[in-house]
$ cat work_26.pdb   # PDB, C-alpha atoms
ATOM      1  CA  MET Z   1     -63.008  57.530  13.661
ATOM      2  CA  GLN Z   2     -60.824  60.047  11.873
ATOM      3  CA  GLU Z   3     -57.800  58.583  10.151
ATOM      4  CA  HIS Z   4     -54.340  60.027  10.660
ATOM      5  CA  PRO Z   5     -53.091  62.232   7.742
ATOM      6  CA  LEU Z   6     -50.061  59.976   7.327
ATOM      7  CA  VAL Z   7     -52.366  57.239   6.061
ATOM      8  CA  TRP Z   8     -53.217  59.406   3.066
ATOM      9  CA  LEU Z   9     -49.700  60.737   2.656
ATOM     10  CA  ALA Z  10     -48.006  57.339   2.864
ATOM     11  CA  PRO Z  11     -48.410  56.395  -0.853
ATOM     12  CA  ALA Z  12     -46.991  59.739  -1.991
ATOM     13  CA  ILE Z  13     -44.135  59.526   0.527
ATOM     14  CA  ALA Z  14     -43.350  55.979  -0.597
ATOM     15  CA  LEU Z  15     -43.261  57.009  -4.259
ATOM     16  CA  LEU Z  16     -41.042  60.015  -3.500
ATOM     17  CA  PHE Z  17     -38.637  57.832  -1.556
ATOM     18  CA  LEU Z  18     -38.579  55.111  -4.214
ATOM     19  CA  PHE Z  19     -38.194  57.307  -7.296
ATOM     20  CA  ARG Z  20     -36.521  60.446  -5.863
ATOM     21  CA  LEU Z  21     -34.751  60.046  -2.548
ATOM     22  CA  TYR Z  22     -33.368  56.518  -2.975
ATOM     23  CA  PRO Z  23     -31.826  57.203  -6.440
ATOM     24  CA  LEU Z  24     -30.310  60.414  -5.044
ATOM     25  CA  ILE Z  25     -28.738  58.539  -2.122
ATOM     26  CA  GLU Z  26     -27.442  55.860  -4.491
ATOM     27  CA  VAL Z  27     -25.833  58.399  -6.817
ATOM     28  CA  VAL Z  28     -24.063  60.084  -3.912
ATOM     29  CA  ARG Z  29     -22.872  56.688  -2.667
ATOM     30  CA  MET Z  30     -21.677  55.633  -6.117
ATOM     31  CA  SER Z  31     -19.699  58.853  -6.496
ATOM     32  CA  PHE Z  32     -17.348  57.603  -3.763
ATOM     33  CA  THR Z  33     -16.665  54.324  -5.571
ATOM     34  CA  ASN Z  34     -14.894  53.180  -8.750
ATOM     35  CA  ILE Z  35     -17.969  51.268  -9.958
ATOM     36  CA  SER Z  36     -18.067  50.456 -13.665
ATOM     37  CA  LEU Z  37     -20.632  49.035 -16.060
ATOM     38  CA  ILE Z  38     -18.178  46.427 -17.357
ATOM     39  CA  GLN Z  39     -16.671  45.395 -14.020
ATOM     40  CA  PRO Z  40     -19.078  44.097 -11.341
ATOM     41  CA  ALA Z  41     -16.653  44.403  -8.438
ATOM     42  CA  TYR Z  42     -15.973  47.846  -7.020
ATOM     43  CA  GLU Z  43     -14.546  49.498  -3.953
ATOM     44  CA  TYR Z  44     -14.876  52.787  -2.148
ATOM     45  CA  VAL Z  45     -12.189  55.259  -3.189
ATOM     46  CA  GLY Z  46     -13.241  58.381  -1.275
ATOM     47  CA  PHE Z  47     -12.973  61.592  -3.278
ATOM     48  CA  ASN Z  48     -10.782  60.042  -5.989
ATOM     49  CA  SER Z  49     -13.619  60.140  -8.529
ATOM     50  CA  TYR Z  50     -14.181  63.853  -7.893
ATOM     51  CA  ILE Z  51     -10.460  64.592  -8.138
ATOM     52  CA  ALA Z  52     -10.100  62.572 -11.349
ATOM     53  CA  VAL Z  53     -13.058  64.367 -12.921
ATOM     54  CA  ILE Z  54     -12.098  67.908 -11.889
ATOM     55  CA  THR Z  55      -8.416  67.552 -12.844
ATOM     56  CA  SER Z  56      -9.114  66.040 -16.273
ATOM     57  CA  THR Z  57      -8.550  68.115 -19.407
ATOM     58  CA  ALA Z  58     -11.979  67.102 -20.703
ATOM     59  CA  PHE Z  59     -13.636  68.584 -17.612
ATOM     60  CA  ARG Z  60     -11.909  71.940 -18.055
ATOM     61  CA  THR Z  61     -12.967  72.066 -21.712
ATOM     62  CA  MET Z  62     -16.511  71.052 -20.800
ATOM     63  CA  ALA Z  63     -16.694  73.578 -17.941
ATOM     64  CA  ARG Z  64     -15.684  76.385 -20.314
ATOM     65  CA  THR Z  65     -18.270  75.272 -22.876
ATOM     66  CA  THR Z  66     -20.951  75.010 -20.177
ATOM     67  CA  ALA Z  67     -20.135  78.488 -18.856
ATOM     68  CA  ILE Z  68     -20.414  80.015 -22.349
ATOM     69  CA  PHE Z  69     -23.597  78.075 -23.127
ATOM     70  CA  VAL Z  70     -25.300  78.964 -19.839
ATOM     71  CA  GLY Z  71     -24.149  82.598 -19.757
ATOM     72  CA  ALA Z  72     -25.103  83.373 -23.363
ATOM     73  CA  SER Z  73     -28.414  81.506 -23.125
ATOM     74  CA  VAL Z  74     -29.462  83.239 -19.904
ATOM     75  CA  ILE Z  75     -28.582  86.707 -21.222
ATOM     76  CA  ALA Z  76     -30.350  86.055 -24.542
ATOM     77  CA  GLN Z  77     -33.454  84.556 -22.904
ATOM     78  CA  LEU Z  78     -33.702  87.403 -20.415
ATOM     79  CA  THR Z  79     -33.230  90.083 -23.082
ATOM     80  CA  LEU Z  80     -35.644  88.613 -25.620
ATOM     81  CA  GLY Z  81     -38.123  87.721 -22.885
ATOM     82  CA  MET Z  82     -38.081  91.322 -21.675
ATOM     83  CA  ILE Z  83     -38.550  92.695 -25.183
ATOM     84  CA  LEU Z  84     -41.481  90.358 -25.868
ATOM     85  CA  ALA Z  85     -43.044  91.010 -22.471
ATOM     86  CA  LEU Z  86     -42.868  94.776 -22.995
ATOM     87  CA  ALA Z  87     -44.226  94.488 -26.537
ATOM     88  CA  ILE Z  88     -47.119  92.236 -25.517
ATOM     89  CA  ASN Z  89     -47.886  94.382 -22.472
ATOM     90  CA  TYR Z  90     -48.004  97.465 -24.713
ATOM     91  CA  GLY Z  91     -50.128  95.645 -27.299
ATOM     92  CA  VAL Z  92     -52.651  94.472 -24.701
ATOM     93  CA  LYS Z  93     -52.988  97.957 -23.210
ATOM     94  CA  LYS Z  94     -53.426  99.532 -26.637
ATOM     95  CA  HIS Z  95     -55.685  96.679 -27.833
ATOM     96  CA  ILE Z  96     -53.399  95.996 -30.797
ATOM     97  CA  TYR Z  97     -54.538  93.106 -32.957
ATOM     98  CA  GLY Z  98     -52.326  90.012 -32.811
ATOM     99  CA  SER Z  99     -51.122  90.245 -29.201
ATOM    100  CA  VAL Z 100     -52.791  86.969 -28.252
ATOM    101  CA  SER Z 101     -51.428  85.227 -31.361
ATOM    102  CA  ILE Z 102     -47.888  86.291 -30.498
ATOM    103  CA  ARG Z 103     -48.234  84.927 -26.980
ATOM    104  CA  ILE Z 104     -49.499  81.591 -28.308
ATOM    105  CA  ALA Z 105     -46.686  81.391 -30.886
ATOM    106  CA  VAL Z 106     -44.003  82.076 -28.273
ATOM    107  CA  LEU Z 107     -45.507  79.689 -25.718
ATOM    108  CA  SER Z 108     -45.629  76.881 -28.288
ATOM    109  CA  ALA Z 109     -41.818  76.668 -28.158
ATOM    110  CA  TRP Z 110     -41.941  76.184 -24.409
ATOM    111  CA  VAL Z 111     -44.315  73.204 -24.406
ATOM    112  CA  ILE Z 112     -42.460  71.262 -27.127
ATOM    113  CA  PRO Z 113     -40.187  68.540 -25.667
ATOM    114  CA  GLY Z 114     -36.481  69.349 -25.811
ATOM    115  CA  ILE Z 115     -35.584  66.374 -27.981
ATOM    116  CA  VAL Z 116     -38.155  67.480 -30.572
ATOM    117  CA  ILE Z 117     -36.744  71.013 -30.541
ATOM    118  CA  GLY Z 118     -33.274  69.608 -31.177
ATOM    119  CA  ILE Z 119     -34.527  67.600 -34.152
ATOM    120  CA  LEU Z 120     -36.431  70.587 -35.579
ATOM    121  CA  TRP Z 121     -33.390  72.848 -35.378
ATOM    122  CA  LYS Z 122     -31.172  70.130 -36.815
ATOM    123  CA  ILE Z 123     -33.463  69.926 -39.827
ATOM    124  CA  MET Z 124     -33.582  73.717 -40.230
ATOM    125  CA  LEU Z 125     -29.790  74.051 -39.988
ATOM    126  CA  ILE Z 126     -28.857  71.298 -42.439
ATOM    127  CA  GLU Z 127     -25.476  72.227 -43.942
ATOM    128  CA  THR Z 128     -26.622  72.278 -47.579
ATOM    129  CA  ASN Z 129     -28.792  74.652 -49.526
ATOM    130  CA  TYR Z 130     -31.680  72.264 -48.808
ATOM    131  CA  GLY Z 131     -31.720  73.341 -45.170
ATOM    132  CA  LEU Z 132     -34.254  76.073 -44.423
ATOM    133  CA  VAL Z 133     -31.804  78.598 -42.982
ATOM    134  CA  ASN Z 134     -29.048  77.902 -45.518
ATOM    135  CA  TYR Z 135     -31.569  78.060 -48.367
ATOM    136  CA  ILE Z 136     -32.597  81.545 -47.268
ATOM    137  CA  LEU Z 137     -28.950  82.603 -46.898
ATOM    138  CA  VAL Z 138     -28.088  81.300 -50.378
ATOM    139  CA  GLN Z 139     -31.053  83.158 -51.863
ATOM    140  CA  LEU Z 140     -29.767  86.335 -50.224
ATOM    141  CA  GLY Z 141     -26.336  85.827 -51.798
ATOM    142  CA  PHE Z 142     -24.459  84.287 -48.864
ATOM    143  CA  ASN Z 143     -22.537  81.023 -48.778
ATOM    144  CA  VAL Z 144     -23.718  77.886 -47.036
ATOM    145  CA  VAL Z 145     -22.942  78.091 -43.311
ATOM    146  CA  SER Z 146     -21.447  75.097 -41.488
ATOM    147  CA  PHE Z 147     -23.737  75.184 -38.476
ATOM    148  CA  PHE Z 148     -22.587  71.820 -37.084
ATOM    149  CA  SER Z 149     -19.155  71.165 -38.640
ATOM    150  CA  ASP Z 150     -17.555  74.336 -37.307
ATOM    151  CA  PRO Z 151     -17.057  74.178 -33.496
ATOM    152  CA  GLN Z 152     -17.890  77.831 -32.862
ATOM    153  CA  MET Z 153     -20.958  77.771 -35.098
ATOM    154  CA  ALA Z 154     -22.115  74.531 -33.486
ATOM    155  CA  LEU Z 155     -22.014  76.143 -30.048
ATOM    156  CA  PHE Z 156     -23.730  79.242 -31.421
ATOM    157  CA  SER Z 157     -26.444  77.066 -33.007
ATOM    158  CA  THR Z 158     -26.994  75.279 -29.698
ATOM    159  CA  ILE Z 159     -27.326  78.598 -27.883
ATOM    160  CA  MET Z 160     -29.829  79.821 -30.491
ATOM    161  CA  ALA Z 161     -31.967  76.699 -30.143
ATOM    162  CA  ASN Z 162     -31.917  76.859 -26.357
ATOM    163  CA  THR Z 163     -32.747  80.573 -26.425
ATOM    164  CA  TRP Z 164     -35.710  79.930 -28.704
ATOM    165  CA  ARG Z 165     -36.849  77.224 -26.323
ATOM    166  CA  GLY Z 166     -36.477  79.194 -23.076
ATOM    167  CA  THR Z 167     -37.493  82.716 -24.066
ATOM    168  CA  ALA Z 168     -41.167  81.900 -23.510
ATOM    169  CA  PHE Z 169     -40.613  81.197 -19.812
ATOM    170  CA  SER Z 170     -38.832  84.524 -19.335
ATOM    171  CA  MET Z 171     -41.613  86.281 -21.216
ATOM    172  CA  ILE Z 172     -44.269  84.756 -18.944
ATOM    173  CA  MET Z 173     -42.399  85.685 -15.766
ATOM    174  CA  LEU Z 174     -41.617  89.235 -16.857
ATOM    175  CA  TYR Z 175     -45.062  89.846 -18.318
ATOM    176  CA  ALA Z 176     -46.590  88.817 -14.988
ATOM    177  CA  GLY Z 177     -44.235  91.231 -13.233
ATOM    178  CA  LEU Z 178     -45.218  94.080 -15.533
ATOM    179  CA  GLN Z 179     -48.871  93.613 -14.563
ATOM    180  CA  GLN Z 180     -47.987  94.535 -10.979
ATOM    181  CA  VAL Z 181     -46.412  97.911 -11.809
ATOM    182  CA  PRO Z 182     -48.777 100.742 -10.719
ATOM    183  CA  GLN Z 183     -49.823 102.865 -13.679
ATOM    184  CA  GLN Z 184     -49.699 105.983 -11.486
ATOM    185  CA  LEU Z 185     -45.915 105.754 -11.509
ATOM    186  CA  TYR Z 186     -45.833 105.935 -15.304
ATOM    187  CA  HIS Z 187     -48.224 108.887 -15.319
ATOM    188  CA  ALA Z 188     -46.082 110.700 -12.743
ATOM    189  CA  ALA Z 189     -42.926 109.990 -14.766
ATOM    190  CA  LYS Z 190     -44.564 111.358 -17.920
ATOM    191  CA  VAL Z 191     -45.572 114.525 -16.083
ATOM    192  CA  ASP Z 192     -41.950 114.927 -14.998
ATOM    193  CA  GLY Z 193     -40.873 114.686 -18.636
ATOM    194  CA  ALA Z 194     -39.363 111.186 -18.580
ATOM    195  CA  GLY Z 195     -39.132 109.473 -21.957
ATOM    196  CA  PRO Z 196     -39.702 105.759 -22.678
ATOM    197  CA  ILE Z 197     -36.110 104.758 -21.857
ATOM    198  CA  ALA Z 198     -36.072 106.790 -18.647
ATOM    199  CA  ARG Z 199     -39.429 105.309 -17.591
ATOM    200  CA  PHE Z 200     -38.125 101.812 -18.219
ATOM    201  CA  ARG Z 201     -34.911 102.474 -16.299
ATOM    202  CA  HIS Z 202     -36.324 104.354 -13.307
ATOM    203  CA  VAL Z 203     -39.859 102.916 -13.046
ATOM    204  CA  THR Z 204     -40.161  99.512 -14.707
ATOM    205  CA  LEU Z 205     -36.851  97.903 -13.718
ATOM    206  CA  PRO Z 206     -36.970  98.847 -10.008
ATOM    207  CA  GLN Z 207     -40.556  97.579  -9.759
ATOM    208  CA  ILE Z 208     -39.914  94.208 -11.419
ATOM    209  CA  LYS Z 209     -36.422  93.648  -9.982
ATOM    210  CA  PRO Z 210     -37.558  90.708  -7.782
ATOM    211  CA  VAL Z 211     -39.165  88.999 -10.772
ATOM    212  CA  VAL Z 212     -36.068  89.565 -12.905
ATOM    213  CA  PHE Z 213     -33.845  88.028 -10.243
ATOM    214  CA  ILE Z 214     -36.086  84.997  -9.757
ATOM    215  CA  ASN Z 215     -36.270  84.573 -13.514
ATOM    216  CA  ILE Z 216     -32.469  84.614 -13.809
ATOM    217  CA  VAL Z 217     -32.095  81.967 -11.107
ATOM    218  CA  LEU Z 218     -34.708  79.641 -12.610
ATOM    219  CA  ILE Z 219     -33.539  79.851 -16.224
ATOM    220  CA  THR Z 220     -29.963  79.322 -15.050
ATOM    221  CA  ILE Z 221     -31.001  76.094 -13.302
ATOM    222  CA  TYR Z 222     -32.953  74.950 -16.370
ATOM    223  CA  THR Z 223     -30.058  75.748 -18.714
ATOM    224  CA  VAL Z 224     -27.436  73.999 -16.569
ATOM    225  CA  ASN Z 225     -29.589  70.847 -16.666
ATOM    226  CA  THR Z 226     -30.160  70.941 -20.439
ATOM    227  CA  PHE Z 227     -29.508  67.527 -21.976
ATOM    228  CA  ASP Z 228     -32.195  66.276 -24.354
ATOM    229  CA  MET Z 229     -32.099  69.216 -26.767
ATOM    230  CA  ILE Z 230     -28.303  69.219 -27.159
ATOM    231  CA  MET Z 231     -28.191  65.437 -27.428
ATOM    232  CA  SER Z 232     -30.590  65.412 -30.365
ATOM    233  CA  LEU Z 233     -29.136  68.550 -31.976
ATOM    234  CA  THR Z 234     -25.355  68.048 -31.920
ATOM    235  CA  GLY Z 235     -24.670  65.089 -29.643
ATOM    236  CA  GLY Z 236     -21.972  67.209 -28.003
ATOM    237  CA  GLY Z 237     -19.974  67.573 -31.218
ATOM    238  CA  PRO Z 238     -18.083  68.361 -33.255
ATOM    239  CA  GLY Z 239     -15.435  66.996 -30.936
ATOM    240  CA  ARG Z 240     -16.366  68.447 -27.546
ATOM    241  CA  ALA Z 241     -17.519  71.815 -28.880
ATOM    242  CA  THR Z 242     -21.048  71.531 -27.449
ATOM    243  CA  GLU Z 243     -20.450  69.047 -24.635
ATOM    244  CA  VAL Z 244     -21.998  70.573 -21.524
ATOM    245  CA  LEU Z 245     -22.097  69.207 -17.972
ATOM    246  CA  SER Z 246     -25.063  66.876 -18.484
ATOM    247  CA  LEU Z 247     -23.610  65.362 -21.670
ATOM    248  CA  PHE Z 248     -20.214  64.974 -20.002
ATOM    249  CA  MET Z 249     -21.897  62.931 -17.285
ATOM    250  CA  TYR Z 250     -23.764  60.819 -19.864
ATOM    251  CA  PHE Z 251     -20.640  60.032 -21.883
ATOM    252  CA  LEU Z 252     -18.671  59.096 -18.760
ATOM    253  CA  GLY Z 253     -21.366  56.690 -17.641
ATOM    254  CA  PHE Z 254     -22.625  55.130 -20.860
ATOM    255  CA  GLU Z 255     -19.707  55.417 -23.307
ATOM    256  CA  GLN Z 256     -16.700  55.129 -21.009
ATOM    257  CA  PHE Z 257     -18.675  52.985 -18.493
ATOM    258  CA  GLN Z 258     -17.208  54.902 -15.516
ATOM    259  CA  LEU Z 259     -20.296  55.084 -13.336
ATOM    260  CA  GLY Z 260     -18.377  56.325 -10.304
ATOM    261  CA  ARG Z 261     -17.042  59.366 -12.122
ATOM    262  CA  ALA Z 262     -20.400  59.955 -13.831
ATOM    263  CA  ALA Z 263     -22.038  59.918 -10.407
ATOM    264  CA  ALA Z 264     -19.462  62.456  -9.199
ATOM    265  CA  VAL Z 265     -20.438  64.769 -12.071
ATOM    266  CA  ALA Z 266     -24.106  64.265 -11.166
ATOM    267  CA  VAL Z 267     -23.368  65.316  -7.579
ATOM    268  CA  ILE Z 268     -21.512  68.379  -8.873
ATOM    269  CA  MET Z 269     -24.590  69.263 -10.934
ATOM    270  CA  LEU Z 270     -26.719  68.747  -7.832
ATOM    271  CA  GLY Z 271     -24.429  71.110  -5.935
ATOM    272  CA  VAL Z 272     -24.816  73.806  -8.582
ATOM    273  CA  ASN Z 273     -28.603  73.453  -8.481
ATOM    274  CA  VAL Z 274     -28.648  73.527  -4.667
ATOM    275  CA  VAL Z 275     -26.562  76.712  -4.603
ATOM    276  CA  MET Z 276     -28.867  78.394  -7.095
ATOM    277  CA  THR Z 277     -31.913  77.236  -5.133
ATOM    278  CA  LEU Z 278     -30.473  78.588  -1.867
ATOM    279  CA  VAL Z 279     -29.841  81.932  -3.538
ATOM    280  CA  TYR Z 280     -33.417  81.867  -4.831
ATOM    281  CA  VAL Z 281     -34.897  81.033  -1.395
ATOM    282  CA  ARG Z 282     -32.669  83.521   0.434
ATOM    283  CA  TYR Z 283     -33.705  86.290  -1.921
ATOM    284  CA  LEU Z 284     -37.388  85.443  -1.502
ATOM    285  CA  LEU Z 285     -37.058  85.478   2.280
ATOM    286  CA  SER Z 286     -35.258  88.823   2.221
ATOM    287  CA  GLU Z 287     -37.999  90.255  -0.003
ATOM    288  CA  GLU Z 288     -40.677  89.075   2.415
ATOM    289  CA  GLU Z 289     -38.829  90.672   5.350
ATOM    290  CA  ILE Z 290     -38.728  93.958   3.501
TER     291      ILE Z 290
END

$ encode --input "work_26.pdb" --output "structure tokens"
Amino acid sequence: MQEHPLVWLAPAIALLFLFRLYPLIEVVRMSFTNISLIQPAYEYVGFNSYIAVITSTAFRTMARTTAIFVGASVIAQLTLGMILALAINYGVKKHIYGSVSIRIAVLSAWVIPGIVIGILWKIMLIETNYGLVNYILVQLGFNVVSFFSDPQMALFSTIMANTWRGTAFSMIMLYAGLQQVPQQLYHAAKVDGAGPIARFRHVTLPQIKPVVFINIVLITIYTVNTFDMIMSLTGGGPGRATEVLSLFMYFLGFEQFQLGRAAAVAVIMLGVNVVMTLVYVRYLLSEEEI
């Protein structure tokens, strides 16, 4: 007698409900309460937690920091990923020695856990001449740079670390897209007298446009959700200079003990991710229709 498929799917469904769906439902429920870690009793307050979070000065500062962090990181990852993908694609076609080594070196940054990346960059950017980067700068005749004490430099350092971490993913996506570009188009463009820049603009970009768009959506989602790397690198400081959405939620819940407001921030993050996912799915469906 053949067993029903649900018998085999039941354990996976149960695990998904227990560790994914139930916590999600609980967070949404908690966002409509004033629950606190230090006060057992709570009551439902509607959208008061959302209003309190959105109208707070800290939220506006954090939203600005998050926008700068996400925007700069996405642009940098996309640009560097494109440059590396083009360079590796050219090296593979021309059988240049070292192409495989470069791919391995870039991919190594992607597989390292975020908290480890934060610690590594924190060690490299130590604000004395004993730090690797500052040692090199001092040897070149520059002064020691305050990578973590200065608010603007702290945010810049966080963007650099996140770019180093995420460039590998962009490189993989774009390199895969470049493999699908017909070589006949490049040959035809060369016959027409198009140079490298013109071939990239009129041949490469139009052909890999879907991959570029998907890449932008995915790295935006990943960057918005960044927590571990920033936590170990700057802890959101100095002040609130590097406090992004995920850290704002963490501090509300586990330093100010306002679980209701922290849950509201979590739902806002969920909303951002859902919007980006819908854009991603809608674009894929439109591409398939074409």

$ closest_residue --input "work_26.pdb" --among "Z:Ala52, Z:Met276, Z:Leu259, Z:Met249" --to "Met30 of chain Z" --atoms "only C-alpha atoms"
Z:Leu259

$ resolve_selection --input "work_26.pdb" --expression "the PyMOL selection byres ((chain Z and resi 216-233) around 7)" --output "PyMOL selection string"
chain Z and resi 70+74+114-115+117-119+121-122+158+212-215+234-236+246-247+273+276+280

$ closest_atom_pairs --input "work_26.pdb" --of "segment 56-102 of chain Z" --to "segment 168-174 of chain Z" --cutoff "7 Å" --atoms "all atoms listed in the file" --output "JSON lines"
{"residue": "Z:Gln77", "atom": "CA", "partner": "Z:Ser170", "partner_atom": "CA", "distance": 6.5}
{"residue": "Z:Leu78", "atom": "CA", "partner": "Z:Ser170", "partner_atom": "CA", "distance": 6.0}
{"residue": "Z:Gly81", "atom": "CA", "partner": "Z:Met171", "partner_atom": "CA", "distance": 4.1}
{"residue": "Z:Met82", "atom": "CA", "partner": "Z:Met171", "partner_atom": "CA", "distance": 6.2}
{"residue": "Z:Leu84", "atom": "CA", "partner": "Z:Met171", "partner_atom": "CA", "distance": 6.2}
{"residue": "Z:Ala85", "atom": "CA", "partner": "Z:Met171", "partner_atom": "CA", "distance": 5.1}

$ atom_distance --input "work_26.pdb" --atom1 "atom CA of Leu252 of chain Z" --atom2 "atom CA of Ile75 of chain Z"
29.4 Å

$ residues_around --input "work_26.pdb" --residues "Asn89 of chain Z" --least-positions-apart "3" --cutoff "12 Å" --atoms "all atoms listed in the file" --output "list in words"
Gly81, Met82, Ile83, Leu84, Ala85, Leu86, Val92, Lys93, Lys94, His95, Ile96, Ser99, Val100, Ile102, Arg103, Met171, Ile172, Leu174, Tyr175, Ala176, Gly177, Leu178, Gln179, Gln180 and Val181 of chain Z

$ residues_around --input "work_26.pdb" --residues "Phe248 of chain Z" --least-positions-apart "5" --cutoff "8 Å" --atoms "only C-alpha atoms" --output "compact mmCIF listing (two decimals) with C-alpha atoms, keeping the file's coordinate frame"
# COMPACT_ATOMS: atom_id res chain seq x y z
CA PHE Z 59 -13.64 68.58 -17.61
CA MET Z 62 -16.51 71.05 -20.80
CA GLU Z 243 -20.45 69.05 -24.64
CA ALA Z 262 -20.40 59.96 -13.83
CA VAL Z 265 -20.44 64.77 -12.07

$ atom_distance --input "work_26.pdb" --atom1 "atom CA of Val45 of chain Z" --atom2 "atom CA of Phe32 of chain Z"
5.7 Å

$ atom_distance --input "work_26.pdb" --atom1 "atom CA of Ile159 of chain Z" --atom2 "atom CA of Ser73 of chain Z"
5.7 Å

$ closest_residue --input "work_26.pdb" --among "Z:Leu21, Z:Val28, Z:Leu137, Z:Ala188" --to "Gly46 of chain Z" --atoms "all atoms listed in the file"
Z:Val28

$ resolve_selection --input "work_26.pdb" --expression "the PyMOL selection byres ((chain Z and resi 66) around 9)" --output "compact mmCIF listing (two decimals) with C-alpha atoms, in the coordinates of the input"
# COMPACT_ATOMS: atom_id res chain seq x y z
CA THR Z 61 -12.97 72.07 -21.71
CA MET Z 62 -16.51 71.05 -20.80
CA ALA Z 63 -16.69 73.58 -17.94
CA ARG Z 64 -15.68 76.39 -20.31
CA THR Z 65 -18.27 75.27 -22.88
CA ALA Z 67 -20.14 78.49 -18.86
CA ILE Z 68 -20.41 80.02 -22.35
CA PHE Z 69 -23.60 78.08 -23.13
CA VAL Z 70 -25.30 78.96 -19.84
CA GLY Z 71 -24.15 82.60 -19.76
CA VAL Z 224 -27.44 74.00 -16.57
CA THR Z 242 -21.05 71.53 -27.45
CA GLU Z 243 -20.45 69.05 -24.64
CA VAL Z 244 -22.00 70.57 -21.52
CA LEU Z 245 -22.10 69.21 -17.97

$ closest_residue --input "work_26.pdb" --among "Z:Gln39, Z:Thr204, Z:Thr33, Z:Asn129" --to "Ala263 of chain Z" --atoms "only C-alpha atoms"
Z:Thr33

$ axis_aligned_box --input "work_26.pdb" --around "segment 222-228 of chain Z" --padding-each-side "4 Å" --output "lines of an AutoDock Vina configuration file"
center_x = -30.2
center_y = 71.0
center_z = -20.4
size_x = 13.5
size_y = 17.5
size_z = 16.0

$ closest_residue --input "work_26.pdb" --among "Z:Asn143, Z:Asn134, Z:Gln184, Z:Thr79" --to "Gly166 of chain Z" --atoms "only C-alpha atoms"
Z:Thr79

$ closest_residue --input "work_26.pdb" --among "Z:Leu37, Z:Ser31, Z:Glu26, Z:Phe17" --to "Glu255 of chain Z" --atoms "all atoms listed in the file"
Z:Leu37

$ build_atoms --input "work_26.pdb" --residues "segment 152-156 of chain Z" --atoms "all heavy atoms" --output "PDB file, in the frame of the given file"
ATOM      1  N   GLN Z 152     -17.298  76.599 -33.374  1.00  0.00           N
ATOM      2  CA  GLN Z 152     -17.890  77.831 -32.862  1.00  0.00           C
ATOM      3  C   GLN Z 152     -19.326  77.996 -33.331  1.00  0.00           C
ATOM      4  O   GLN Z 152     -20.207  78.401 -32.559  1.00  0.00           O
ATOM      5  CB  GLN Z 152     -17.044  79.029 -33.275  1.00  0.00           C
ATOM      6  CG  GLN Z 152     -15.657  79.050 -32.642  1.00  0.00           C
ATOM      7  CD  GLN Z 152     -14.857  80.270 -33.051  1.00  0.00           C
ATOM      8  OE1 GLN Z 152     -15.220  81.007 -33.978  1.00  0.00           O
ATOM      9  NE2 GLN Z 152     -13.741  80.498 -32.355  1.00  0.00           N
ATOM     10  N   MET Z 153     -19.590  77.670 -34.592  1.00  0.00           N
ATOM     11  CA  MET Z 153     -20.958  77.771 -35.098  1.00  0.00           C
ATOM     12  C   MET Z 153     -21.863  76.730 -34.462  1.00  0.00           C
ATOM     13  O   MET Z 153     -23.053  76.988 -34.236  1.00  0.00           O
ATOM     14  CB  MET Z 153     -20.964  77.606 -36.623  1.00  0.00           C
ATOM     15  CG  MET Z 153     -20.477  78.827 -37.390  1.00  0.00           C
ATOM     16  SD  MET Z 153     -21.408  80.323 -36.990  1.00  0.00           S
ATOM     17  CE  MET Z 153     -23.071  79.825 -37.425  1.00  0.00           C
ATOM     18  N   ALA Z 154     -21.311  75.563 -34.143  1.00  0.00           N
ATOM     19  CA  ALA Z 154     -22.115  74.531 -33.486  1.00  0.00           C
ATOM     20  C   ALA Z 154     -22.563  75.006 -32.106  1.00  0.00           C
ATOM     21  O   ALA Z 154     -23.724  74.831 -31.723  1.00  0.00           O
ATOM     22  CB  ALA Z 154     -21.310  73.238 -33.376  1.00  0.00           C
ATOM     23  N   LEU Z 155     -21.650  75.621 -31.362  1.00  0.00           N
ATOM     24  CA  LEU Z 155     -22.014  76.143 -30.048  1.00  0.00           C
ATOM     25  C   LEU Z 155     -23.010  77.286 -30.186  1.00  0.00           C
ATOM     26  O   LEU Z 155     -23.972  77.389 -29.409  1.00  0.00           O
ATOM     27  CB  LEU Z 155     -20.758  76.616 -29.309  1.00  0.00           C
ATOM     28  CG  LEU Z 155     -20.962  77.152 -27.888  1.00  0.00           C
ATOM     29  CD1 LEU Z 155     -21.640  76.114 -27.010  1.00  0.00           C
ATOM     30  CD2 LEU Z 155     -19.628  77.582 -27.284  1.00  0.00           C
ATOM     31  N   PHE Z 156     -22.803  78.136 -31.182  1.00  0.00           N
ATOM     32  CA  PHE Z 156     -23.730  79.242 -31.421  1.00  0.00           C
ATOM     33  C   PHE Z 156     -25.118  78.708 -31.792  1.00  0.00           C
ATOM     34  O   PHE Z 156     -26.137  79.232 -31.326  1.00  0.00           O
ATOM     35  CB  PHE Z 156     -23.188  80.137 -32.536  1.00  0.00           C
ATOM     36  CG  PHE Z 156     -24.108  81.255 -32.925  1.00  0.00           C
ATOM     37  CD1 PHE Z 156     -24.290  82.347 -32.089  1.00  0.00           C
ATOM     38  CD2 PHE Z 156     -24.801  81.219 -34.123  1.00  0.00           C
ATOM     39  CE1 PHE Z 156     -25.142  83.380 -32.441  1.00  0.00           C
ATOM     40  CE2 PHE Z 156     -25.657  82.243 -34.487  1.00  0.00           C
ATOM     41  CZ  PHE Z 156     -25.824  83.333 -33.646  1.00  0.00           C
TER      42      PHE Z 156
END
